[in-house]
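Okay, structure.pdb now, which holds PDB, C-alpha atoms and all ligand atoms:
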```pdb
ATOM      1  CA  MET A   1     -14.891 -12.803   1.336
ATOM      2  CA  LYS A   2     -14.551  -9.056   1.655
ATOM      3  CA  GLY A   3     -12.096  -7.357   3.984
ATOM      4  CA  ALA A   4      -9.108  -5.141   4.519
ATOM      5  CA  TYR A   5      -5.407  -5.851   4.305
ATOM      6  CA  VAL A   6      -1.947  -4.521   4.931
ATOM      7  CA  LEU A   7       0.623  -5.295   2.252
ATOM      8  CA  ILE A   8       4.178  -5.480   3.493
ATOM      9  CA  PHE A   9       6.935  -5.038   0.931
ATOM     10  CA  GLU A  10      10.509  -3.970   0.625
ATOM     11  CA  VAL A  11      11.934  -1.137  -1.429
ATOM     12  CA  LEU A  12      15.308  -2.670  -2.289
ATOM     13  CA  LYS A  13      17.170   0.601  -2.901
ATOM     14  CA  ASP A  14      16.505   4.350  -2.808
ATOM     15  CA  CYS A  15      14.577   5.175  -5.971
ATOM     16  CA  GLU A  16      12.174   7.560  -7.642
ATOM     17  CA  ILE A  17       8.978   6.199  -9.138
ATOM     18  CA  ILE A  18       6.267   8.039 -11.074
ATOM     19  CA  VAL A  19       3.021   7.353  -9.197
ATOM     20  CA  GLY A  20       0.245   8.512 -11.568
ATOM     21  CA  LYS A  21      -1.058  11.935 -10.666
ATOM     22  CA  LEU A  22       1.136  12.116  -7.562
ATOM     23  CA  GLY A  23       4.047  12.379  -9.977
ATOM     24  CA  LEU A  24       7.683  11.534  -9.364
ATOM     25  CA  THR A  25       7.955  10.283  -5.780
ATOM     26  CA  PHE A  26      11.046   9.385  -3.801
ATOM     27  CA  PHE A  27      11.104   6.056  -1.966
ATOM     28  CA  LYS A  28      13.778   5.415   0.602
ATOM     29  CA  LYS A  29      15.116   1.867   0.877
ATOM     30  CA  GLY A  30      13.206   0.011   3.583
ATOM     31  CA  ILE A  31      10.094  -1.858   4.634
ATOM     32  CA  TYR A  32       6.728  -0.416   3.601
ATOM     33  CA  TYR A  33       3.142  -0.977   4.759
ATOM     34  CA  TYR A  34       0.175  -0.291   2.507
ATOM     35  CA  CYS A  35      -3.429  -0.374   3.764
ATOM     36  CA  GLY A  36      -6.264  -1.294   1.427
ATOM     37  CA  SER A  37      -9.570  -3.106   1.221
ATOM     38  CA  ALA A  38     -11.500  -5.316  -1.180
ATOM     39  CA  GLN A  39     -15.270  -5.371  -1.241
ATOM     40  CA  ASN A  40     -15.494  -8.633  -3.172
ATOM     41  CA  ASN A  41     -12.613 -11.032  -3.118
ATOM     42  CA  LEU A  42      -9.856 -10.345  -0.620
ATOM     43  CA  GLU A  43      -7.692 -13.311  -1.651
ATOM     44  CA  LYS A  44      -7.866 -12.371  -5.308
ATOM     45  CA  ARG A  45      -6.998  -8.750  -4.563
ATOM     46  CA  ILE A  46      -3.893  -9.756  -2.638
ATOM     47  CA  GLU A  47      -2.851 -12.187  -5.392
ATOM     48  CA  ARG A  48      -3.214  -9.292  -7.817
ATOM     49  CA  HIS A  49      -0.884  -7.137  -5.725
ATOM     50  CA  GLU A  50       1.677  -9.954  -5.738
ATOM     51  CA  ARG A  51       1.734 -10.120  -9.559
ATOM     52  CA  LYS A  52       4.260  -7.988 -11.457
ATOM     53  CA  GLU A  53       2.274  -8.074 -14.718
ATOM     54  CA  LYS A  54      -1.014  -6.165 -14.685
ATOM     55  CA  LYS A  55      -2.839  -3.121 -15.921
ATOM     56  CA  ILE A  56      -2.114  -0.115 -13.704
ATOM     57  CA  HIS A  57      -5.219   0.941 -11.803
ATOM     58  CA  TRP A  58      -4.296   2.141  -8.298
ATOM     59  CA  HIS A  59      -1.332   4.097  -6.896
ATOM     60  CA  ILE A  60       0.022   0.905  -5.363
ATOM     61  CA  ASP A  61       0.234  -0.708  -8.830
ATOM     62  CA  TYR A  62       3.042   1.686  -9.763
ATOM     63  CA  LEU A  63       5.067   0.176  -6.939
ATOM     64  CA  THR A  64       4.148  -3.499  -7.152
ATOM     65  CA  THR A  65       5.080  -3.556 -10.867
ATOM     66  CA  ASN A  66       8.451  -1.902 -10.195
ATOM     67  CA  LYS A  67      11.607  -4.017 -10.242
ATOM     68  CA  ASN A  68      12.938  -2.368  -7.067
ATOM     69  CA  ILE A  69      10.002  -3.641  -5.010
ATOM     70  CA  LYS A  70       9.798  -7.068  -3.431
ATOM     71  CA  MET A  71       6.607  -8.313  -1.769
ATOM     72  CA  ILE A  72       7.173  -9.760   1.688
ATOM     73  CA  SER A  73       3.792 -10.665   3.144
ATOM     74  CA  SER A  74       0.281  -9.486   3.861
ATOM     75  CA  GLU A  75      -2.035  -9.278   6.856
ATOM     76  CA  LYS A  76      -5.700 -10.022   6.164
ATOM     77  CA  TYR A  77      -8.726  -8.776   8.084
ATOM     78  CA  GLU A  78     -11.772 -10.679   6.876
ATOM     79  CA  ASN A  79     -15.371  -9.500   6.902
ATOM     80  CA  CYS A  80     -14.822  -5.898   7.858
ATOM     81  CA  GLN A  81     -16.034  -2.637   6.390
ATOM     82  CA  LYS A  82     -14.088  -0.505   3.939
ATOM     83  CA  SER A  83     -13.390   1.972   6.772
ATOM     84  CA  LYS A  84     -11.105  -0.665   8.321
ATOM     85  CA  GLU A  85      -8.374   0.256   5.820
ATOM     86  CA  CYS A  86      -8.390   3.804   7.240
ATOM     87  CA  GLU A  87      -8.273   2.474  10.816
ATOM     88  CA  LEU A  88      -5.234   0.399   9.873
ATOM     89  CA  ALA A  89      -3.613   3.503   8.367
ATOM     90  CA  GLN A  90      -4.345   5.462  11.556
ATOM     91  CA  GLU A  91      -2.683   2.743  13.650
ATOM     92  CA  LEU A  92       0.494   2.971  11.582
ATOM     93  CA  PHE A  93       0.388   6.758  11.824
ATOM     94  CA  LYS A  94       0.100   6.548  15.629
ATOM     95  CA  LYS A  95       3.122   4.248  15.710
ATOM     96  CA  LYS A  96       4.993   7.206  14.201
ATOM     97  CA  TYR A  97       5.782   5.446  10.946
ATOM     98  CA  ASN A  98       6.680   7.804   8.116
ATOM     99  CA  GLN A  99       4.080   8.369   5.445
ATOM    100  CA  ILE A 100       4.154   8.945   1.704
ATOM    101  CA  LYS A 101       1.737  11.847   1.593
ATOM    102  CA  ASN A 102      -1.499  11.442  -0.421
ATOM    103  CA  PHE A 103      -0.664   7.897  -1.464
ATOM    104  CA  GLY A 104      -3.623   5.511  -1.861
ATOM    105  CA  CYS A 105      -6.158   7.756  -0.169
ATOM    106  CA  THR A 106      -7.908   9.598  -2.993
ATOM    107  CA  ASP A 107     -11.342   8.445  -1.759
ATOM    108  CA  CYS A 108     -11.004   9.072   1.990
ATOM    109  CA  LYS A 109      -9.781  11.720   4.425
ATOM    110  CA  CYS A 110      -6.499  10.121   5.456
ATOM    111  CA  ASN A 111      -3.160  11.786   4.722
ATOM    112  CA  SER A 112      -1.804   8.508   3.418
ATOM    113  CA  HIS A 113      -2.330   4.739   3.188
ATOM    114  CA  LEU A 114       1.383   4.038   2.682
ATOM    115  CA  PHE A 115       3.918   4.041   5.491
ATOM    116  CA  TYR A 116       7.516   3.057   6.096
ATOM    117  CA  LYS A 117       9.687   2.542   9.116
ATOM    118  CA  ASN A 118      12.931   4.372   9.647
ATOM    119  CA  GLU A 119      15.755   1.866   9.976
TER     120      GLU A 119
HETATM  121 ZN    ZN B 201      -8.177   6.336   4.555
END
```
Please rewrite the model in this file as structure tokens.
Amino acid sequence: MKGAYVLIFEVLKDCEIIVGKLGLTFFKKGIYYYCGSAQNNLEKRIERHERKEKKIHWHIDYLTTNKNIKMISSEKYENCQKSKECELAQELFKKKYNQIKNFGCTDCKCNSHLFYKNE
């Protein structure tokens, strides 16, 4: 089953994390929303995000493997195109969530695929 998803996780305290080529990035304590998609196996992709031990491949892996991050839940959108992940990002942007600029969007035109809510 292919599809798109939103990962919801908590940054437990203010911290700085090196995110690959983005470099050292500041993350404020709070609840975060990351939009992504899987063209093959949606369930398996989400299980991968929930694991702490893995080879780093995407920006999001730098966060999910960090001890200051706790996964909360995920929303799944089955059988949709890859562009759905960008639509989900746009929805969060319209809700005026804050964004971590250039995160998770190296292969599309969005400003970000990672958002957080101000407390
Ligand atoms: Zn996008």
Self-check item: Gln39 (chain A) surroundings by only C-alpha atoms, 9 Å radius, close-in-sequence under 3 positions cut, as a ChimeraX atom specification
Solution: /A:1-4,42,81-82
Can you write out as a tab-separated table which residues of chain A fall within 12 Å of ligand ZN 201 (chain B), alongside each residue's closest atom pair and its distance in Å to one decimal, counting only C-alpha atoms and all ligand atoms and ordering rows by chain and ascending residue number?
```
residue	atom	partner	partner_atom	distance
A:Ala4	CA	B:ZN201	ZN	11.5
A:Tyr34	CA	B:ZN201	ZN	10.9
A:Cys35	CA	B:ZN201	ZN	8.3
A:Gly36	CA	B:ZN201	ZN	8.5
A:Ser37	CA	B:ZN201	ZN	10.1
A:Lys82	CA	B:ZN201	ZN	9.1
A:Ser83	CA	B:ZN201	ZN	7.2
A:Lys84	CA	B:ZN201	ZN	8.5
A:Glu85	CA	B:ZN201	ZN	6.2
A:Cys86	CA	B:ZN201	ZN	3.7
A:Glu87	CA	B:ZN201	ZN	7.4
A:Leu88	CA	B:ZN201	ZN	8.5
A:Ala89	CA	B:ZN201	ZN	6.6
A:Gln90	CA	B:ZN201	ZN	8.0
A:Glu91	CA	B:ZN201	ZN	11.2
A:Leu92	CA	B:ZN201	ZN	11.7
A:Phe93	CA	B:ZN201	ZN	11.2
A:Lys101	CA	B:ZN201	ZN	11.7
A:Asn102	CA	B:ZN201	ZN	9.8
A:Phe103	CA	B:ZN201	ZN	9.8
A:Gly104	CA	B:ZN201	ZN	7.9
A:Cys105	CA	B:ZN201	ZN	5.3
A:Thr106	CA	B:ZN201	ZN	8.2
A:Asp107	CA	B:ZN201	ZN	7.4
A:Cys108	CA	B:ZN201	ZN	4.7
A:Lys109	CA	B:ZN201	ZN	5.6
A:Cys110	CA	B:ZN201	ZN	4.2
A:Asn111	CA	B:ZN201	ZN	7.4
A:Ser112	CA	B:ZN201	ZN	6.8
A:His113	CA	B:ZN201	ZN	6.2
A:Leu114	CA	B:ZN201	ZN	10.0
```
Which residues, written as a short mmCIF file (atom, residue, chain, number, x, y, z; two decimals) with C-alpha atoms, in the coordinates of the input, have at least one atom at most 12 Å from Thr25 (chain A), with only C-alpha atoms counted and residues fewer than 5 positions away on the same chain left out?
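Output file part-v7.cif is given in full below:
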```cif
data_model
loop_
_atom_site.label_atom_id
_atom_site.label_comp_id
_atom_site.auth_asym_id
_atom_site.auth_seq_id
_atom_site.Cartn_x
_atom_site.Cartn_y
_atom_site.Cartn_z
CA ASP A 14 16.50 4.35 -2.81
CA CYS A 15 14.58 5.18 -5.97
CA GLU A 16 12.17 7.56 -7.64
CA ILE A 17 8.98 6.20 -9.14
CA ILE A 18 6.27 8.04 -11.07
CA VAL A 19 3.02 7.35 -9.20
CA GLY A 20 0.24 8.51 -11.57
CA HIS A 59 -1.33 4.10 -6.90
CA TYR A 62 3.04 1.69 -9.76
CA LEU A 63 5.07 0.18 -6.94
CA ILE A 100 4.15 8.94 1.70
CA LYS A 101 1.74 11.85 1.59
CA ASN A 102 -1.50 11.44 -0.42
CA PHE A 103 -0.66 7.90 -1.46
#
```
Quiz item: So how many Å separate CA of Lys28 (chain A) and CA of Asp61 (chain A), to one decimal?
Solution: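 We find that CA of Lys28 (chain A) and CA of Asp61 (chain A) lie 17.6 Å from each other.
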Practice problem: Work out how far apart CA of Ile60 (chain A) and CA of Leu7 (chain A) are and give it in Å to one decimal. | Solution: 9.8 Å
Here's the selection I'm unsure about, the PyMOL selection byres (((chain A and resi 75) around 8) and not hetatm); applied to the file above, which residues does it give, as a compact mmCIF listing (two decimals) with C-alpha atoms, keeping the file's coordinate frame?
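Okay, part12.txt is ready:
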```txt
# COMPACT_ATOMS: atom_id res chain seq x y z
CA TYR A 5 -5.41 -5.85 4.30
CA VAL A 6 -1.95 -4.52 4.93
CA LEU A 7 0.62 -5.30 2.25
CA SER A 73 3.79 -10.66 3.14
CA SER A 74 0.28 -9.49 3.86
CA LYS A 76 -5.70 -10.02 6.16
CA TYR A 77 -8.73 -8.78 8.08
```
Exercise. Taking the file as shown, find all residues satisfying the PyMOL selection byres (((chain A and resi 12) around 12) and not hetatm) and write them as a PyMOL selection string.
Key: chain A and resi 9-11+13-16+27-32+63+66-72
Self-check item: One-decimal distance in Å that lies between CA of Leu24 (chain A) and CA of His57 (chain A)
Solution: 16.9 Å
Quiz item: Of the candidates A:Ile8, A:Lys52, A:Arg45, A:Trp58, which one gets nearest to Lys21 (chain A) if we count only C-alpha atoms?
Solution: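 The answer is A:Trp58, which sits nearest to Lys21 (chain A).
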Exercise. Give the answer as one residue: which of A:Lys117, A:Lys95, A:Thr65, A:Glu78 has the shortest atom-to-atom distance to His49 (chain A), using all atoms listed in the file?
Key: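 Comparing A:Lys117, A:Lys95, A:Thr65, A:Glu78 against His49 (chain A), the winner is A:Thr65.
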Size and centre in Å, one decimal, axis-aligned box, all listed region 8-11 of chain A atoms plus 8 Å per side, as lines of an AutoDock Vina configuration file:
```
center_x = 8.1
center_y = -3.3
center_z = 1.0
size_x = 23.8
size_y = 20.3
size_z = 20.9
```
Quiz item: For Arg48 (chain A), which of A:Thr64, A:Asn79, A:Gln99, A:Asn118 is the closest residue, counting all atoms listed in the file?
Solution: A:Thr64
Add whatever atoms are absent from region 66-96 of chain A to reach N, CA and C atoms, and provide the output as a PDB file, in the frame of the given file.
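Result file selection.pdb:
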```
ATOM      1  N   ASN A  66       7.091  -2.427 -10.054  1.00  0.00           N
ATOM      2  CA  ASN A  66       8.451  -1.902 -10.195  1.00  0.00           C
ATOM      3  C   ASN A  66       9.497  -2.939  -9.779  1.00  0.00           C
ATOM      4  N   LYS A  67      10.604  -2.980 -10.512  1.00  0.00           N
ATOM      5  CA  LYS A  67      11.607  -4.017 -10.242  1.00  0.00           C
ATOM      6  C   LYS A  67      12.341  -3.825  -8.910  1.00  0.00           C
ATOM      7  N   ASN A  68      12.271  -2.619  -8.351  1.00  0.00           N
ATOM      8  CA  ASN A  68      12.938  -2.368  -7.067  1.00  0.00           C
ATOM      9  C   ASN A  68      12.080  -2.733  -5.853  1.00  0.00           C
ATOM     10  N   ILE A  69      10.899  -3.292  -6.115  1.00  0.00           N
ATOM     11  CA  ILE A  69      10.002  -3.641  -5.010  1.00  0.00           C
ATOM     12  C   ILE A  69       9.828  -5.158  -4.902  1.00  0.00           C
ATOM     13  N   LYS A  70       9.948  -5.631  -3.674  1.00  0.00           N
ATOM     14  CA  LYS A  70       9.798  -7.068  -3.431  1.00  0.00           C
ATOM     15  C   LYS A  70       8.718  -7.282  -2.374  1.00  0.00           C
ATOM     16  N   MET A  71       7.682  -8.025  -2.719  1.00  0.00           N
ATOM     17  CA  MET A  71       6.607  -8.313  -1.769  1.00  0.00           C
ATOM     18  C   MET A  71       7.147  -9.209  -0.649  1.00  0.00           C
ATOM     19  N   ILE A  72       6.738  -8.931   0.563  1.00  0.00           N
ATOM     20  CA  ILE A  72       7.173  -9.760   1.688  1.00  0.00           C
ATOM     21  C   ILE A  72       6.005 -10.589   2.205  1.00  0.00           C
ATOM     22  N   SER A  73       4.939  -9.926   2.625  1.00  0.00           N
ATOM     23  CA  SER A  73       3.792 -10.665   3.144  1.00  0.00           C
ATOM     24  C   SER A  73       2.576  -9.756   3.196  1.00  0.00           C
ATOM     25  N   SER A  74       1.474 -10.307   3.700  1.00  0.00           N
ATOM     26  CA  SER A  74       0.281  -9.486   3.861  1.00  0.00           C
ATOM     27  C   SER A  74      -0.466  -9.932   5.116  1.00  0.00           C
ATOM     28  N   GLU A  75      -1.168  -8.973   5.715  1.00  0.00           N
ATOM     29  CA  GLU A  75      -2.035  -9.278   6.856  1.00  0.00           C
ATOM     30  C   GLU A  75      -3.455  -9.109   6.351  1.00  0.00           C
ATOM     31  N   LYS A  76      -4.317 -10.098   6.642  1.00  0.00           N
ATOM     32  CA  LYS A  76      -5.700 -10.022   6.164  1.00  0.00           C
ATOM     33  C   LYS A  76      -6.660  -9.833   7.331  1.00  0.00           C
ATOM     34  N   TYR A  77      -7.668  -9.004   7.092  1.00  0.00           N
ATOM     35  CA  TYR A  77      -8.726  -8.776   8.084  1.00  0.00           C
ATOM     36  C   TYR A  77     -10.041  -9.060   7.381  1.00  0.00           C
ATOM     37  N   GLU A  78     -10.597 -10.252   7.630  1.00  0.00           N
ATOM     38  CA  GLU A  78     -11.772 -10.679   6.876  1.00  0.00           C
ATOM     39  C   GLU A  78     -13.060 -10.092   7.431  1.00  0.00           C
ATOM     40  N   ASN A  79     -14.020  -9.921   6.526  1.00  0.00           N
ATOM     41  CA  ASN A  79     -15.371  -9.500   6.902  1.00  0.00           C
ATOM     42  C   ASN A  79     -15.460  -8.174   7.636  1.00  0.00           C
ATOM     43  N   CYS A  80     -14.674  -7.206   7.221  1.00  0.00           N
ATOM     44  CA  CYS A  80     -14.822  -5.898   7.858  1.00  0.00           C
ATOM     45  C   CYS A  80     -15.200  -4.864   6.808  1.00  0.00           C
ATOM     46  N   GLN A  81     -15.604  -3.716   7.272  1.00  0.00           N
ATOM     47  CA  GLN A  81     -16.034  -2.637   6.390  1.00  0.00           C
ATOM     48  C   GLN A  81     -14.835  -1.985   5.707  1.00  0.00           C
ATOM     49  N   LYS A  82     -15.131  -1.220   4.673  1.00  0.00           N
ATOM     50  CA  LYS A  82     -14.088  -0.505   3.939  1.00  0.00           C
ATOM     51  C   LYS A  82     -13.314   0.452   4.855  1.00  0.00           C
ATOM     52  N   SER A  83     -14.026   1.009   5.863  1.00  0.00           N
ATOM     53  CA  SER A  83     -13.390   1.972   6.772  1.00  0.00           C
ATOM     54  C   SER A  83     -12.236   1.348   7.563  1.00  0.00           C
ATOM     55  N   LYS A  84     -12.187   0.016   7.610  1.00  0.00           N
ATOM     56  CA  LYS A  84     -11.105  -0.665   8.321  1.00  0.00           C
ATOM     57  C   LYS A  84      -9.735  -0.286   7.737  1.00  0.00           C
ATOM     58  N   GLU A  85      -9.671  -0.091   6.426  1.00  0.00           N
ATOM     59  CA  GLU A  85      -8.374   0.256   5.820  1.00  0.00           C
ATOM     60  C   GLU A  85      -7.856   1.587   6.383  1.00  0.00           C
ATOM     61  N   CYS A  86      -8.784   2.517   6.665  1.00  0.00           N
ATOM     62  CA  CYS A  86      -8.390   3.804   7.240  1.00  0.00           C
ATOM     63  C   CYS A  86      -7.980   3.635   8.708  1.00  0.00           C
ATOM     64  N   GLU A  87      -8.662   2.747   9.418  1.00  0.00           N
ATOM     65  CA  GLU A  87      -8.273   2.474  10.816  1.00  0.00           C
ATOM     66  C   GLU A  87      -6.866   1.894  10.862  1.00  0.00           C
ATOM     67  N   LEU A  88      -6.573   0.998   9.926  1.00  0.00           N
ATOM     68  CA  LEU A  88      -5.234   0.399   9.873  1.00  0.00           C
ATOM     69  C   LEU A  88      -4.185   1.477   9.589  1.00  0.00           C
ATOM     70  N   ALA A  89      -4.530   2.402   8.693  1.00  0.00           N
ATOM     71  CA  ALA A  89      -3.613   3.503   8.367  1.00  0.00           C
ATOM     72  C   ALA A  89      -3.389   4.381   9.602  1.00  0.00           C
ATOM     73  N   GLN A  90      -4.460   4.643  10.340  1.00  0.00           N
ATOM     74  CA  GLN A  90      -4.345   5.462  11.556  1.00  0.00           C
ATOM     75  C   GLN A  90      -3.426   4.808  12.588  1.00  0.00           C
ATOM     76  N   GLU A  91      -3.532   3.472  12.695  1.00  0.00           N
ATOM     77  CA  GLU A  91      -2.683   2.743  13.650  1.00  0.00           C
ATOM     78  C   GLU A  91      -1.205   2.908  13.301  1.00  0.00           C
ATOM     79  N   LEU A  92      -0.903   2.820  12.005  1.00  0.00           N
ATOM     80  CA  LEU A  92       0.494   2.971  11.582  1.00  0.00           C
ATOM     81  C   LEU A  92       0.965   4.401  11.824  1.00  0.00           C
ATOM     82  N   PHE A  93       0.068   5.354  11.593  1.00  0.00           N
ATOM     83  CA  PHE A  93       0.388   6.758  11.824  1.00  0.00           C
ATOM     84  C   PHE A  93       0.709   6.991  13.303  1.00  0.00           C
ATOM     85  N   LYS A  94      -0.103   6.388  14.179  1.00  0.00           N
ATOM     86  CA  LYS A  94       0.100   6.548  15.629  1.00  0.00           C
ATOM     87  C   LYS A  94       1.405   5.919  16.092  1.00  0.00           C
ATOM     88  N   LYS A  95       1.843   4.880  15.357  1.00  0.00           N
ATOM     89  CA  LYS A  95       3.122   4.248  15.710  1.00  0.00           C
ATOM     90  C   LYS A  95       4.301   5.085  15.234  1.00  0.00           C
ATOM     91  N   LYS A  96       3.990   6.275  14.689  1.00  0.00           N
ATOM     92  CA  LYS A  96       4.993   7.206  14.201  1.00  0.00           C
ATOM     93  C   LYS A  96       5.795   6.672  13.011  1.00  0.00           C
TER      94      LYS A  96
END
```
